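Trainee: Structure in structure tokens, see below.
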Amino acid sequence: MTLNERLITSAVLVIIAVLSFTDIYNDYLDGVALWHLSVETLVGLTALAMVYYLMRSHIRMQRTVEMEKQLSNELSLEAQKWNKVSKAYIDGLSVEINKQLETWEMTEAEKRVAFFLLKGLSVKEIADLRKTSEKTVRTQANSIYSKSGLPGRSALSAFFLEDLLPPSL
């Protein structure tokens with residue numbers, strides 16, 4: 001339920017409660033039966049209880065949203081710090097990967113495909129990004145594996161990334 005829906009529903013319930021209590025007062029002055037007054041009192045109190053419930057849940061939801069915003073901001077700051085700290089290492093890794101690809105005598109197109117493969121993109125995604133056919137990307141990938149002497153994508157990734165990860169426990 002949106003904020004506007006909660007406010008409209010609460011306003012209607014307040015009006016119902018006010019009209020119920022006004023009617024109770026008039027009925028009391030007219031000497032209406034106690035059971036009738038009790039039913040109308042129950043209706044008025046139920047309406048007020050629902051207003052309380054709606055407002056309480058709205059306040060809880062606002063608190064949750066604020067906590068989520070704060071957490072999101074904290075995570076964004078943490079990510080920014082991580083990016084600053086790791087940028088030099090990542091840039092260095094990119095340079096070293098490029099040097100190794102040059103050692104394997106990769107063409108510029110093969111280097112780009114190799115980087116996309118290392119990033120985990122599919123052949124279709126690479127073809128879309130490079131505006132070329134999937135067959136061309138497969139051919140370039142096979143050339144990369146052949147020139148590097150590696151059997152496939154997993155071995156290519158492991159060649160560059162294996163030493164970055166902690167040893168198995």
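Naming scheme: A, B, ... for chains in displayed order of the structure tokens; residues 1 onward per chain; ligands 1 onward as shown.
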What's around region 94-98 of chain A at 8 Å? Count only C-alpha atoms, leave out sequence neighbours fewer than 4 positions away in its own chain, and write the answer as a compact mmCIF listing (two decimals) with C-alpha atoms, in the first residue's frame.

Mentor:
```
# COMPACT_ATOMS: atom_id res chain seq x y z
CA ILE A 90 44.03 -3.72 -11.42
CA GLU A 102 51.97 -9.75 -26.71
CA LYS A 111 43.79 -9.22 -27.25
CA PHE A 160 46.14 -15.08 -15.18
```

Trainee: So that I can see what lies close to Gly44 (chain A), please list as a list in words the residues with an atom at most 7 Å from it, counting only C-alpha atoms and leaving out residues fewer than 2 positions away in the same chain.

Mentor: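 Here the answer would be Ile16, Ala17, Ser20, Phe21, Glu40, Thr41, Leu42, Thr46, Ala47 and Leu48 of chain A.
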
Trainee: With N, CA, C and O atoms retained, export the selected residues as a PDB file, in the first residue's frame.

Mentor:
```pdb
ATOM      1  N   ILE A  16     -14.996   7.804   9.751  1.00  0.00           N
ATOM      2  CA  ILE A  16     -15.922   6.772  10.262  1.00  0.00           C
ATOM      3  C   ILE A  16     -15.959   6.811  11.788  1.00  0.00           C
ATOM      4  O   ILE A  16     -17.038   6.761  12.399  1.00  0.00           O
ATOM      5  N   ALA A  17     -14.796   6.925  12.425  1.00  0.00           N
ATOM      6  CA  ALA A  17     -14.735   6.961  13.887  1.00  0.00           C
ATOM      7  C   ALA A  17     -15.454   8.187  14.429  1.00  0.00           C
ATOM      8  O   ALA A  17     -16.242   8.089  15.386  1.00  0.00           O
ATOM      9  N   SER A  20     -19.125   7.751  13.993  1.00  0.00           N
ATOM     10  CA  SER A  20     -19.620   6.739  14.939  1.00  0.00           C
ATOM     11  C   SER A  20     -19.781   7.329  16.335  1.00  0.00           C
ATOM     12  O   SER A  20     -20.809   7.128  16.995  1.00  0.00           O
ATOM     13  N   PHE A  21     -18.771   8.070  16.794  1.00  0.00           N
ATOM     14  CA  PHE A  21     -18.846   8.632  18.139  1.00  0.00           C
ATOM     15  C   PHE A  21     -19.892   9.744  18.232  1.00  0.00           C
ATOM     16  O   PHE A  21     -20.539   9.913  19.268  1.00  0.00           O
ATOM     17  N   GLU A  40     -21.896   0.316  18.083  1.00  0.00           N
ATOM     18  CA  GLU A  40     -21.362   1.527  17.454  1.00  0.00           C
ATOM     19  C   GLU A  40     -20.006   1.915  18.056  1.00  0.00           C
ATOM     20  O   GLU A  40     -19.117   2.381  17.351  1.00  0.00           O
ATOM     21  N   THR A  41     -19.849   1.706  19.362  1.00  0.00           N
ATOM     22  CA  THR A  41     -18.555   1.979  20.008  1.00  0.00           C
ATOM     23  C   THR A  41     -17.496   1.046  19.447  1.00  0.00           C
ATOM     24  O   THR A  41     -16.357   1.467  19.169  1.00  0.00           O
ATOM     25  N   LEU A  42     -17.841  -0.212  19.261  1.00  0.00           N
ATOM     26  CA  LEU A  42     -16.909  -1.176  18.681  1.00  0.00           C
ATOM     27  C   LEU A  42     -16.488  -0.760  17.275  1.00  0.00           C
ATOM     28  O   LEU A  42     -15.306  -0.836  16.922  1.00  0.00           O
ATOM     29  N   THR A  46     -12.706   0.224  16.420  1.00  0.00           N
ATOM     30  CA  THR A  46     -12.034  -0.568  15.370  1.00  0.00           C
ATOM     31  C   THR A  46     -11.451   0.355  14.309  1.00  0.00           C
ATOM     32  O   THR A  46     -10.312   0.160  13.851  1.00  0.00           O
ATOM     33  N   ALA A  47     -12.193   1.369  13.924  1.00  0.00           N
ATOM     34  CA  ALA A  47     -11.699   2.330  12.933  1.00  0.00           C
ATOM     35  C   ALA A  47     -10.446   3.033  13.452  1.00  0.00           C
ATOM     36  O   ALA A  47      -9.454   3.179  12.729  1.00  0.00           O
ATOM     37  N   LEU A  48     -10.465   3.458  14.718  1.00  0.00           N
ATOM     38  CA  LEU A  48      -9.293   4.112  15.300  1.00  0.00           C
ATOM     39  C   LEU A  48      -8.109   3.149  15.418  1.00  0.00           C
ATOM     40  O   LEU A  48      -6.954   3.533  15.195  1.00  0.00           O
TER      41      LEU A  48
END
```

Trainee: Grab the CA of Tyr145 (chain A) to CA of Phe159 (chain A) distance for me, in Å with one decimal place.

Mentor: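 We find that CA of Tyr145 (chain A) and CA of Phe159 (chain A) lie 11.5 Å from each other.
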
Trainee: Please provide as a PyMOL selection string all residues within 10 Å of region 4-9 of chain A, with the sequence filter that same-chain residues fewer than 2 positions apart are discarded (counting only C-alpha atoms).

Mentor: chain A and resi 1-2+11-15+50-51+54-55+57-58

Trainee: For the selection you just gave me, I'd like the residues written to a file as a compact mmCIF listing (two decimals), in the first residue's frame, keeping N, CA and C atoms.

Mentor:
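Output saved as result30.txt:
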```
# COMPACT_ATOMS: atom_id res chain seq x y z
N MET A 1 0.85 -1.16 0.00
CA MET A 1 0.00 0.00 0.00
C MET A 1 0.90 1.24 0.00
N THR A 2 0.62 2.18 -0.91
CA THR A 2 1.45 3.37 -1.02
C THR A 2 1.09 4.35 0.10
N ALA A 11 -7.70 8.59 6.62
CA ALA A 11 -8.66 9.69 6.67
C ALA A 11 -10.09 9.16 6.68
N VAL A 12 -10.38 8.17 5.84
CA VAL A 12 -11.72 7.58 5.81
C VAL A 12 -12.04 6.93 7.15
N LEU A 13 -11.06 6.23 7.71
CA LEU A 13 -11.30 5.57 9.01
C LEU A 13 -11.51 6.59 10.13
N VAL A 14 -10.79 7.70 10.10
CA VAL A 14 -10.99 8.76 11.10
C VAL A 14 -12.39 9.34 10.96
N ILE A 15 -12.82 9.55 9.72
CA ILE A 15 -14.19 10.08 9.49
C ILE A 15 -15.21 9.09 10.02
N MET A 50 -7.48 0.68 13.44
CA MET A 50 -6.92 0.52 12.09
C MET A 50 -6.08 1.73 11.69
N VAL A 51 -6.48 2.92 12.09
CA VAL A 51 -5.68 4.11 11.82
C VAL A 51 -4.33 3.97 12.52
N LEU A 54 -2.22 1.36 10.63
CA LEU A 54 -1.69 1.89 9.36
C LEU A 54 -0.55 2.88 9.60
N MET A 55 -0.71 3.76 10.55
CA MET A 55 0.32 4.76 10.81
C MET A 55 1.58 4.11 11.40
N SER A 57 2.61 0.99 10.91
CA SER A 57 3.30 0.25 9.86
C SER A 57 3.97 1.22 8.88
N HIS A 58 3.38 2.37 8.66
CA HIS A 58 4.00 3.38 7.79
C HIS A 58 5.30 3.90 8.41
```

Trainee: Skip region 118-120 of chain A itself and residues of its chain fewer than 5 positions away, then list as a PyMOL selection string all residues within 10 Å of it, counting only C-alpha atoms.

Mentor: chain A and resi 112-113+125-126+153-154+156-158+160-161
